[in-house]
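This is protein-v6.cif. It holds mmCIF, C-alpha atoms.
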data_work
#
loop_
_atom_site.label_atom_id
_atom_site.label_comp_id
_atom_site.auth_asym_id
_atom_site.auth_seq_id
_atom_site.Cartn_x
_atom_site.Cartn_y
_atom_site.Cartn_z
CA MET A 30 -66.86 46.08 46.75
CA LYS A 31 -68.68 48.92 48.50
CA LYS A 32 -68.87 50.81 45.20
CA ARG A 33 -70.65 47.86 43.60
CA TRP A 34 -73.37 47.46 46.22
CA PRO A 35 -75.72 49.99 44.56
CA SER A 36 -75.67 48.10 41.24
CA LEU A 37 -76.09 44.76 43.02
CA LEU A 38 -79.07 46.06 45.00
CA LEU A 39 -80.57 47.63 41.87
CA GLY A 40 -80.25 44.30 40.04
CA LEU A 41 -81.94 42.49 42.94
CA ALA A 42 -84.78 45.02 42.97
CA VAL A 43 -85.32 44.72 39.20
CA SER A 44 -85.41 40.92 39.39
CA ILE A 45 -87.90 40.94 42.28
CA ILE A 46 -90.19 43.43 40.53
CA ALA A 47 -90.15 41.39 37.31
CA LEU A 48 -90.90 38.12 39.11
CA VAL A 49 -93.68 39.67 41.22
CA TYR A 50 -95.28 41.04 38.03
CA LEU A 51 -95.17 37.63 36.33
CA PHE A 52 -96.46 35.64 39.31
CA ARG A 53 -99.03 38.12 40.58
CA ARG A 54 -101.92 36.02 39.28
CA ASP A 55 -102.26 32.33 38.51
CA LEU A 56 -99.36 30.69 40.35
CA GLY A 57 -101.28 27.41 40.46
CA GLY A 58 -101.71 27.52 36.70
CA VAL A 59 -97.97 27.93 36.22
CA ARG A 60 -97.37 24.93 38.48
CA ASP A 61 -99.84 22.84 36.43
CA GLU A 62 -98.19 23.85 33.15
CA LEU A 63 -94.78 22.91 34.50
CA ALA A 64 -96.11 19.55 35.68
CA ASN A 65 -97.61 18.75 32.27
CA ALA A 66 -94.84 20.15 30.07
CA ARG A 67 -93.26 18.03 27.32
CA TYR A 68 -89.76 17.71 28.72
CA TRP A 69 -88.56 15.61 25.78
CA THR A 70 -87.75 18.97 24.18
CA VAL A 71 -84.93 19.65 26.65
CA LEU A 72 -82.28 17.39 25.08
CA PRO A 73 -82.69 18.62 21.48
CA VAL A 74 -82.72 22.22 22.71
CA MET A 75 -79.49 21.67 24.63
CA ALA A 76 -77.92 20.01 21.58
CA ILE A 77 -78.91 22.93 19.33
CA SER A 78 -77.65 25.41 21.94
CA LEU A 79 -74.27 23.65 22.12
CA LEU A 80 -74.06 23.87 18.33
CA GLY A 81 -74.73 27.60 18.66
CA LEU A 82 -71.91 27.93 21.19
CA TRP A 83 -69.58 26.12 18.81
CA LEU A 84 -70.54 28.49 15.98
CA ARG A 85 -69.90 31.49 18.22
CA SER A 86 -66.48 30.10 19.13
CA ILE A 87 -65.68 29.81 15.42
CA ARG A 88 -66.65 33.46 14.96
CA TRP A 89 -64.42 34.50 17.85
CA ARG A 90 -61.54 32.53 16.35
CA VAL A 91 -62.11 34.30 13.02
CA LEU A 92 -61.98 37.68 14.76
CA LEU A 93 -58.73 36.61 16.45
CA LYS A 94 -57.36 35.55 13.02
CA GLY A 95 -56.84 31.98 14.20
CA ARG A 96 -54.68 32.84 17.21
CA LEU A 97 -56.51 30.28 19.35
CA SER A 98 -57.07 26.61 18.61
CA PRO A 99 -60.69 25.55 17.92
CA SER A 100 -60.90 23.71 21.24
CA ASP A 101 -59.40 26.59 23.24
CA SER A 102 -61.74 29.15 21.69
CA PHE A 103 -64.74 26.88 22.39
CA HIS A 104 -63.85 26.15 26.01
CA ILE A 105 -62.79 29.72 26.86
CA LEU A 106 -65.99 31.13 25.39
CA ASN A 107 -68.10 28.63 27.32
CA ILE A 108 -66.32 29.49 30.56
CA SER A 109 -67.01 33.20 30.00
CA TYR A 110 -70.74 32.53 29.48
CA PHE A 111 -70.75 30.30 32.56
CA VAL A 112 -69.12 33.04 34.68
CA ASN A 113 -71.61 35.64 33.43
CA GLY A 114 -74.47 33.27 34.22
CA VAL A 115 -73.56 32.50 37.82
CA LEU A 116 -71.69 35.58 39.07
CA PRO A 117 -72.71 39.25 39.35
CA LEU A 118 -71.18 42.27 37.59
CA ARG A 119 -70.60 40.43 34.29
CA VAL A 120 -66.93 39.57 34.63
CA GLY A 121 -67.19 36.86 31.98
CA GLU A 122 -65.56 39.03 29.31
CA LEU A 123 -62.59 39.66 31.59
CA ALA A 124 -62.41 35.93 32.34
CA ARG A 125 -62.27 35.31 28.61
CA ALA A 126 -59.42 37.79 28.28
CA VAL A 127 -57.27 36.26 31.02
CA LEU A 128 -57.81 32.72 29.72
CA ALA A 129 -56.88 33.78 26.18
CA LEU A 130 -53.76 35.41 27.61
CA ARG A 131 -52.94 32.06 29.21
CA ALA A 132 -53.05 30.26 25.83
CA ASP A 133 -49.99 29.37 23.77
CA PRO A 134 -49.27 31.71 22.08
CA PRO A 135 -50.98 34.24 24.35
CA VAL A 136 -53.55 36.72 23.07
CA PRO A 137 -53.13 40.27 24.49
CA VAL A 138 -55.86 41.30 26.90
CA LEU A 139 -57.05 44.31 24.95
CA THR A 140 -57.10 42.31 21.73
CA SER A 141 -59.52 39.86 23.34
CA ILE A 142 -61.64 42.66 24.80
CA SER A 143 -61.81 44.47 21.46
CA THR A 144 -63.13 41.33 19.76
CA VAL A 145 -65.90 41.32 22.37
CA VAL A 146 -66.82 44.84 21.18
CA VAL A 147 -67.00 43.58 17.59
CA GLU A 148 -69.10 40.60 18.66
CA ARG A 149 -71.54 42.91 20.44
CA LEU A 150 -71.93 45.03 17.30
CA LEU A 151 -72.47 41.96 15.11
CA ASP A 152 -74.96 40.55 17.61
CA THR A 153 -76.76 43.90 17.70
CA LEU A 154 -77.15 43.74 13.93
CA ALA A 155 -78.46 40.19 14.22
CA VAL A 156 -80.99 41.14 16.92
CA PHE A 157 -82.32 44.03 14.89
CA GLY A 158 -82.52 41.75 11.90
CA LEU A 159 -84.80 39.53 13.98
CA VAL A 160 -86.77 42.57 15.13
CA GLY A 161 -87.12 43.75 11.53
CA ILE A 162 -88.45 40.38 10.36
CA THR A 163 -90.81 40.19 13.33
CA LEU A 164 -92.10 43.72 12.75
CA ALA A 165 -92.65 42.94 9.08
CA VAL A 166 -95.00 40.10 10.05
CA LEU A 167 -96.71 41.48 13.13
CA PRO A 168 -98.97 44.56 13.26
CA THR A 169 -96.95 47.01 15.40
CA GLY A 170 -96.70 50.75 15.72
CA LEU A 171 -94.57 52.87 13.40
CA GLU A 172 -92.57 54.27 16.33
CA ILE A 173 -91.30 50.82 17.34
CA GLY A 174 -90.21 50.14 13.79
CA LEU A 175 -88.37 53.45 13.57
CA VAL A 176 -86.53 52.80 16.84
CA GLY A 177 -85.44 49.40 15.58
CA ILE A 178 -84.25 50.85 12.28
CA ALA A 179 -82.36 53.69 14.03
CA LEU A 180 -80.53 51.32 16.36
CA GLY A 181 -79.76 48.93 13.53
CA VAL A 182 -78.34 51.76 11.41
CA GLY A 183 -76.29 52.90 14.41
CA ALA A 184 -74.80 49.43 14.76
CA ILE A 185 -73.96 49.34 11.03
CA ILE A 186 -72.28 52.75 11.28
CA GLY A 187 -70.33 51.53 14.31
CA VAL A 188 -69.03 48.51 12.38
CA ILE A 189 -68.06 50.72 9.43
CA VAL A 190 -66.18 53.20 11.66
CA LEU A 191 -64.32 50.39 13.40
CA ALA A 192 -63.47 48.81 10.04
CA VAL A 193 -62.08 52.12 8.76
CA PHE A 194 -59.98 52.64 11.89
CA ALA A 195 -58.72 49.05 11.73
CA ALA A 196 -57.62 49.58 8.12
CA ARG A 197 -56.20 53.06 8.83
CA PRO A 198 -54.82 53.08 12.40
CA ALA A 199 -53.18 56.43 11.76
CA TRP A 200 -56.63 57.98 11.37
CA ALA A 201 -57.67 56.65 14.79
CA HIS A 202 -54.55 58.15 16.37
CA ALA A 203 -55.19 61.44 14.54
CA VAL A 204 -58.72 61.56 15.97
CA LEU A 205 -57.35 60.78 19.42
CA ARG A 206 -54.78 63.59 19.10
CA GLY A 207 -57.51 65.96 17.91
CA VAL A 208 -59.70 65.15 20.88
CA GLY A 209 -56.59 65.42 23.07
CA ARG A 210 -56.24 69.07 22.16
CA VAL A 211 -59.45 69.68 24.07
CA PHE A 212 -59.08 66.97 26.71
CA LYS A 213 -55.35 66.82 27.41
CA PHE A 214 -55.52 63.66 29.49
CA LEU A 215 -56.57 61.64 26.40
CA ASP A 216 -53.46 62.36 24.32
CA THR A 217 -50.93 60.19 26.14
CA PRO A 218 -48.50 57.46 24.95
CA ARG A 219 -50.24 54.97 27.21
CA LEU A 220 -53.66 55.63 25.67
CA HIS A 221 -52.23 55.43 22.15
CA ALA A 222 -50.76 52.03 23.08
CA TRP A 223 -54.19 50.93 24.25
CA VAL A 224 -55.67 52.05 20.92
CA ASP A 225 -53.11 49.95 19.04
CA ASP A 226 -54.11 46.85 20.98
CA LEU A 227 -57.80 47.57 20.49
CA LEU A 228 -57.35 48.07 16.75
CA GLU A 229 -55.48 44.78 16.53
CA GLY A 230 -58.54 43.04 17.90
CA ILE A 231 -60.88 44.59 15.32
CA LEU A 232 -58.42 44.17 12.42
CA PRO A 233 -60.57 41.40 10.86
CA LEU A 234 -63.19 44.05 10.07
CA ALA A 235 -60.71 45.67 7.67
CA SER A 236 -60.69 42.51 5.57
CA PRO A 237 -63.85 42.01 3.46
CA ARG A 238 -63.31 38.24 3.58
CA LEU A 239 -62.97 38.07 7.36
CA LEU A 240 -65.86 40.49 7.82
CA LEU A 241 -68.11 38.33 5.64
CA LEU A 242 -67.01 35.22 7.55
CA SER A 243 -67.80 36.94 10.86
CA VAL A 244 -71.25 37.97 9.60
CA TRP A 245 -71.87 34.44 8.28
CA TRP A 246 -71.01 32.74 11.57
CA THR A 247 -73.06 35.35 13.44
CA ALA A 248 -76.11 34.62 11.29
CA ALA A 249 -75.61 30.86 11.72
CA ALA A 250 -75.29 31.17 15.50
CA TRP A 251 -78.43 33.28 15.79
CA PHE A 252 -80.35 30.85 13.61
CA THR A 253 -79.55 28.11 16.13
CA SER A 254 -80.87 30.37 18.92
CA VAL A 255 -84.16 30.83 17.08
CA ALA A 256 -84.32 27.11 16.25
CA ALA A 257 -83.72 26.17 19.89
CA GLY A 258 -86.48 28.58 20.93
CA TYR A 259 -88.86 27.09 18.37
CA VAL A 260 -88.26 23.53 19.60
CA MET A 261 -88.58 24.69 23.20
CA LEU A 262 -92.04 26.10 22.46
CA TYR A 263 -93.28 22.55 21.92
CA ALA A 264 -92.75 21.96 25.65
CA ILE A 265 -95.92 23.99 26.31
CA PHE A 266 -97.64 24.92 23.05
CA ASP A 267 -99.23 22.64 20.46
CA ASP A 268 -98.77 25.03 17.53
CA PRO A 269 -95.64 27.17 18.00
CA THR A 270 -94.54 29.65 15.34
CA TRP A 271 -91.14 30.80 14.14
CA VAL A 272 -92.26 34.41 14.58
CA ALA A 273 -92.92 33.77 18.28
CA SER A 274 -89.45 32.28 18.66
CA MET A 275 -87.84 35.25 16.91
CA ALA A 276 -89.79 37.73 19.04
CA MET A 277 -88.90 36.15 22.37
CA ILE A 278 -85.23 35.58 21.44
CA ALA A 279 -84.86 39.18 20.27
CA LEU A 280 -86.43 40.63 23.42
CA ALA A 281 -84.43 38.29 25.67
CA SER A 282 -81.26 39.59 23.99
CA PHE A 283 -82.21 43.18 24.77
CA VAL A 284 -82.71 42.61 28.48
CA VAL A 285 -79.13 41.36 28.93
CA ALA A 286 -78.24 45.02 29.54
CA VAL A 287 -80.87 45.39 32.27
CA PRO A 288 -79.55 45.21 35.87
CA ALA A 289 -80.56 41.94 37.50
CA VAL A 290 -79.33 39.14 39.71
CA PRO A 291 -76.86 36.64 38.17
CA GLY A 292 -78.44 34.72 35.32
CA ASN A 293 -80.76 37.68 34.59
CA LEU A 294 -83.55 36.02 36.56
CA GLY A 295 -86.74 38.03 36.21
CA PRO A 296 -86.01 40.28 33.22
CA PHE A 297 -85.32 37.20 31.06
CA GLU A 298 -88.69 35.66 31.92
CA ALA A 299 -90.42 39.00 31.35
CA ALA A 300 -88.82 39.32 27.91
CA ILE A 301 -89.98 35.83 26.94
CA VAL A 302 -93.59 36.37 27.97
CA PHE A 303 -93.76 39.79 26.28
CA GLY A 304 -92.34 38.26 23.12
CA LEU A 305 -94.96 35.50 23.15
CA ALA A 306 -97.70 38.06 23.74
CA ALA A 307 -96.42 40.26 20.91
CA ALA A 308 -96.50 37.23 18.59
CA ASP A 309 -100.10 36.50 19.67
CA LEU A 310 -99.20 33.07 21.02
CA VAL A 311 -100.77 34.15 24.32
CA ALA A 312 -103.37 36.81 25.01
CA GLN A 313 -101.68 38.36 28.04
CA THR A 314 -98.24 38.44 29.64
CA THR A 315 -99.44 36.70 32.80
CA ASP A 316 -100.68 33.65 30.89
CA PRO A 317 -99.47 30.61 32.89
CA ARG A 318 -98.28 28.92 29.69
CA ALA A 319 -95.99 31.82 28.83
CA VAL A 320 -94.56 32.05 32.35
CA ALA A 321 -93.97 28.29 32.48
CA LEU A 322 -92.24 28.32 29.09
CA ALA A 323 -90.01 31.21 30.21
CA LEU A 324 -88.97 29.34 33.36
CA ILE A 325 -88.19 26.13 31.46
CA LEU A 326 -86.24 27.93 28.73
CA HIS A 327 -84.22 29.88 31.29
CA ALA A 328 -83.40 26.72 33.24
CA VAL A 329 -82.32 24.91 30.07
CA ASN A 330 -80.15 27.85 28.96
CA LEU A 331 -78.44 28.13 32.34
CA GLY A 332 -78.02 24.37 32.52
CA THR A 333 -76.35 24.34 29.10
CA TYR A 334 -73.99 27.18 30.03
CA ILE A 335 -73.10 25.57 33.35
CA LEU A 336 -72.40 22.14 31.85
CA ALA A 337 -70.40 23.60 28.96
CA GLY A 338 -68.53 25.93 31.33
CA LEU A 339 -67.64 23.14 33.74
CA ALA A 340 -66.43 21.03 30.83
CA GLY A 341 -64.29 23.98 29.73
CA LEU A 342 -62.77 24.39 33.18
CA TRP A 343 -61.91 20.69 33.22
CA ALA A 344 -60.46 20.76 29.69
CA LEU A 345 -58.26 23.79 30.44
CA ASP A 346 -57.33 22.47 33.90
CA VAL A 347 -58.33 25.64 35.74
CA SER A 348 -60.77 26.28 38.58
CA LEU A 349 -63.65 28.74 38.68
CA GLY A 350 -62.02 30.48 41.65
CA GLU A 351 -58.77 31.00 39.74
CA VAL A 352 -60.61 32.41 36.74
CA THR A 353 -62.75 34.81 38.77
CA ARG A 354 -59.80 36.01 40.86
CA ALA A 355 -57.84 36.66 37.67
CA ALA A 356 -60.77 38.55 36.14
CA GLN A 357 -61.22 40.67 39.27
CA GLY A 358 -57.48 41.33 39.36
CA LEU A 359 -57.60 42.44 35.75
CA ARG A 360 -60.45 44.81 36.56
CA THR A 361 -58.31 46.53 39.21
CA ARG A 362 -55.40 46.98 36.77
CA GLN A 363 -57.32 48.51 33.89
CA SER A 364 -55.55 51.85 34.36
CA GLN A 365 -52.17 50.30 33.59
CA ALA A 366 -50.42 50.05 30.24
CA PRO A 367 -51.37 47.00 28.09
CA ALA A 368 -47.96 45.35 28.44
CA GLU A 369 -48.08 45.68 32.23
CA ILE A 370 -51.55 44.12 32.35
CA ASP A 371 -50.51 41.20 30.15
CA ALA A 372 -47.35 40.45 32.12
CA GLN A 373 -48.95 40.64 35.58
CA THR A 374 -52.02 38.63 34.60
CA THR A 375 -49.89 35.84 33.15
CA LEU A 376 -47.55 35.61 36.13
CA THR A 377 -49.83 36.11 39.10
CA ASP A 378 -53.43 35.28 38.34
CA VAL A 379 -53.96 32.08 36.37
#
Take the structure I supplied and represent it as structure tokens, if you would.
Amino acid sequence: MKKRWPSLLLGLAVSIIALVYLFRRDLGGVRDELANARYWTVLPVMAISLLGLWLRSIRWRVLLKGRLSPSDSFHILNISYFVNGVLPLRVGELARAVLALRADPPVPVLTSISTVVVERLLDTLAVFGLVGITLAVLPTGLEIGLVGIALGVGAIIGVIVLAVFAARPAWAHAVLRGVGRVFKFLDTPRLHAWVDDLLEGILPLASPRLLLLSVWWTAAAWFTSVAAGYVMLYAIFDDPTWVASMAMIALASFVVAVPAVPGNLGPFEAAIVFGLAAADLVAQTTDPRAVALALILHAVNLGTYILAGLAGLWALDVSLGEVTRAAQGLRTRQSQAPAEIDAQTTLTDV
């Protein structure tokens, strides 16, 4: 735990700085906007968000080649988002892995983790698709457009490389052996076994049909995110735009990687207000309407994740403490062989 204090303190500092920046002016105006907001938007936004979670669970099940039931994939995914939203150090992905290992039949830990890598790449492509559409509509600098294109191309190349390795595992092992000639510690039977498990998780990318299905469900899930953002805008604004929703959703997705307190409090609100300002829905980032909208949207998102996560814990008959202890235990055993991790996690953690 001592090793994690620096990152926890950094996250706290980032959150405080972001919140101080947002509230440095008209705090009374933010309070008035919150008091007069149209809260009828909350229920439809939560319904659309739950639909998005269901679509993401379908995508995960596609990447796992149907190894989980639809209900298990939905509940496990919701629990992982819940854990990431309320606990530090983002152990939600590890929670997902241990719960999938608990299923019948079990999914190997590294197979689950490798699908998370694929999901991140697909989501990166989706985010840069949103950025590209937004940049095409809004007057922005050439440099921003080039950065977006470069990162989008990098994500595409990453997907292609993973797809090639999934279709030709021998090539991945050959690359590993080649690198091992320089770095001897990389060319070990244990590491090759890890690669096999990782490649199993990204195997759907080697199938054009499964890849297209994964892209389709990714696009559908992100459309629901943009739609939920658009409906949420009506809570504060009389004339919201789809471009504003795309801008704030895209920026909010970027700041997930920024250190912050659990729930990404601070950076999330900053991303929303900068997105609204970029879309010319507000004139400045400290506009009380933008700050109020960011707070409401964040509360609704967290509320949705918490409710869905609690429902998942109840459906799978497991407690949050058991899940987090299993995830932390898995983190401490990451240096072991895949089979050892799977066996110990099944028997001792959940």
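Compared by their closest atoms to Val302 of chain A, and using only C-alpha atoms, the residues A:Ala323, A:Ala273, A:Thr140, A:Ala235 rank with A:Ala323 nearest.
The shortest atom-to-atom distance to Trp245 of chain A, with only C-alpha atoms taken into account, belongs to A:Val91 out of A:Val91, A:Arg354, A:Ala124, A:Val329.
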Two-atom distance - atom CA of Phe297 of chain A, atom CA of Val147 of chain A (Å)
23.6 Å
Go through A:Val224, A:Ile185, A:Leu324, A:Ala276 one by one, measure the shortest atom-to-atom distance of each to Leu151 of chain A using only C-alpha atoms, and give the residue with the smallest value.
A:Ile185
Can you work out which one of A:His104, A:Arg131, A:Arg149, A:Arg90 has the shortest atom-to-atom distance to Leu336 of chain A, counting all atoms listed in the file?
A:His104
Would you translate the PyMOL selection byres ((chain A and resi 309) around 12) into the concrete set of residues it matches in this file, as a PyMOL selection string?
chain A and resi 163+166-169+268-274+276-277+302-308+310-314+316+319
Polymer residues at most 12 Å from Leu240 of chain A, all atoms listed in the file, same-chain spacing of 5 or more positions, as a PyMOL selection string:
chain A and resi 88-89+91-94+147-148+151+188-189+191-192+195+231-235+245-247
Please produce an output containing C-alpha atoms for each residue in the selection, written as a PDB file, keeping the file's coordinate frame.
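Listed below is the output, out22.pdb:
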ATOM      1  CA  ARG A  88     -66.650  33.460  14.960  1.00  0.00           C
ATOM      2  CA  TRP A  89     -64.420  34.500  17.850  1.00  0.00           C
ATOM      3  CA  VAL A  91     -62.110  34.300  13.020  1.00  0.00           C
ATOM      4  CA  LEU A  92     -61.980  37.680  14.760  1.00  0.00           C
ATOM      5  CA  LEU A  93     -58.730  36.610  16.450  1.00  0.00           C
ATOM      6  CA  LYS A  94     -57.360  35.550  13.020  1.00  0.00           C
ATOM      7  CA  VAL A 147     -67.000  43.580  17.590  1.00  0.00           C
ATOM      8  CA  GLU A 148     -69.100  40.600  18.660  1.00  0.00           C
ATOM      9  CA  LEU A 151     -72.470  41.960  15.110  1.00  0.00           C
ATOM     10  CA  VAL A 188     -69.030  48.510  12.380  1.00  0.00           C
ATOM     11  CA  ILE A 189     -68.060  50.720   9.430  1.00  0.00           C
ATOM     12  CA  LEU A 191     -64.320  50.390  13.400  1.00  0.00           C
ATOM     13  CA  ALA A 192     -63.470  48.810  10.040  1.00  0.00           C
ATOM     14  CA  ALA A 195     -58.720  49.050  11.730  1.00  0.00           C
ATOM     15  CA  ILE A 231     -60.880  44.590  15.320  1.00  0.00           C
ATOM     16  CA  LEU A 232     -58.420  44.170  12.420  1.00  0.00           C
ATOM     17  CA  PRO A 233     -60.570  41.400  10.860  1.00  0.00           C
ATOM     18  CA  LEU A 234     -63.190  44.050  10.070  1.00  0.00           C
ATOM     19  CA  ALA A 235     -60.710  45.670   7.670  1.00  0.00           C
ATOM     20  CA  TRP A 245     -71.870  34.440   8.280  1.00  0.00           C
ATOM     21  CA  TRP A 246     -71.010  32.740  11.570  1.00  0.00           C
ATOM     22  CA  THR A 247     -73.060  35.350  13.440  1.00  0.00           C
TER      23      THR A 247
END
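Contact shell of Leu331 of chain A at 12 Å (all atoms listed in the file; same-chain neighbours under 4 positions omitted): Met75, Ser78, Leu79, Asn107, Tyr110, Phe111, Val112, Asn113, Gly114, Val115, Pro291, Gly292, Asn293, Leu294, Phe297, Leu324, Ile325, Leu326, His327, Ile335, Leu336, Ala337, Gly338 and Leu339 of chain A.
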Expressed in Å, the length from atom CA of Trp343 of chain A to atom CA of Ser141 of chain A is 21.7 Å
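What separates atom CA of Ile105 of chain A from atom CA of Leu359 of chain A is a distance of 16.4 Å.
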Selected by the PyMOL selection byres ((chain A and resi 156) around 12) in the shown coordinates: which residues, as a VMD selection string?
chain A and resid 149 to 155 157 to 163 177 to 178 180 to 181 184 247 to 248 250 to 252 254 to 255 275 to 284
Write the selection just made, keeping C-alpha atoms, as a PDB file, keeping the file's coordinate frame?
ATOM      1  CA  ARG A 149     -71.540  42.910  20.440  1.00  0.00           C
ATOM      2  CA  LEU A 150     -71.930  45.030  17.300  1.00  0.00           C
ATOM      3  CA  LEU A 151     -72.470  41.960  15.110  1.00  0.00           C
ATOM      4  CA  ASP A 152     -74.960  40.550  17.610  1.00  0.00           C
ATOM      5  CA  THR A 153     -76.760  43.900  17.700  1.00  0.00           C
ATOM      6  CA  LEU A 154     -77.150  43.740  13.930  1.00  0.00           C
ATOM      7  CA  ALA A 155     -78.460  40.190  14.220  1.00  0.00           C
ATOM      8  CA  PHE A 157     -82.320  44.030  14.890  1.00  0.00           C
ATOM      9  CA  GLY A 158     -82.520  41.750  11.900  1.00  0.00           C
ATOM     10  CA  LEU A 159     -84.800  39.530  13.980  1.00  0.00           C
ATOM     11  CA  VAL A 160     -86.770  42.570  15.130  1.00  0.00           C
ATOM     12  CA  GLY A 161     -87.120  43.750  11.530  1.00  0.00           C
ATOM     13  CA  ILE A 162     -88.450  40.380  10.360  1.00  0.00           C
ATOM     14  CA  THR A 163     -90.810  40.190  13.330  1.00  0.00           C
ATOM     15  CA  GLY A 177     -85.440  49.400  15.580  1.00  0.00           C
ATOM     16  CA  ILE A 178     -84.250  50.850  12.280  1.00  0.00           C
ATOM     17  CA  LEU A 180     -80.530  51.320  16.360  1.00  0.00           C
ATOM     18  CA  GLY A 181     -79.760  48.930  13.530  1.00  0.00           C
ATOM     19  CA  ALA A 184     -74.800  49.430  14.760  1.00  0.00           C
ATOM     20  CA  THR A 247     -73.060  35.350  13.440  1.00  0.00           C
ATOM     21  CA  ALA A 248     -76.110  34.620  11.290  1.00  0.00           C
ATOM     22  CA  ALA A 250     -75.290  31.170  15.500  1.00  0.00           C
ATOM     23  CA  TRP A 251     -78.430  33.280  15.790  1.00  0.00           C
ATOM     24  CA  PHE A 252     -80.350  30.850  13.610  1.00  0.00           C
ATOM     25  CA  SER A 254     -80.870  30.370  18.920  1.00  0.00           C
ATOM     26  CA  VAL A 255     -84.160  30.830  17.080  1.00  0.00           C
ATOM     27  CA  MET A 275     -87.840  35.250  16.910  1.00  0.00           C
ATOM     28  CA  ALA A 276     -89.790  37.730  19.040  1.00  0.00           C
ATOM     29  CA  MET A 277     -88.900  36.150  22.370  1.00  0.00           C
ATOM     30  CA  ILE A 278     -85.230  35.580  21.440  1.00  0.00           C
ATOM     31  CA  ALA A 279     -84.860  39.180  20.270  1.00  0.00           C
ATOM     32  CA  LEU A 280     -86.430  40.630  23.420  1.00  0.00           C
ATOM     33  CA  ALA A 281     -84.430  38.290  25.670  1.00  0.00           C
ATOM     34  CA  SER A 282     -81.260  39.590  23.990  1.00  0.00           C
ATOM     35  CA  PHE A 283     -82.210  43.180  24.770  1.00  0.00           C
ATOM     36  CA  VAL A 284     -82.710  42.610  28.480  1.00  0.00           C
TER      37      VAL A 284
END
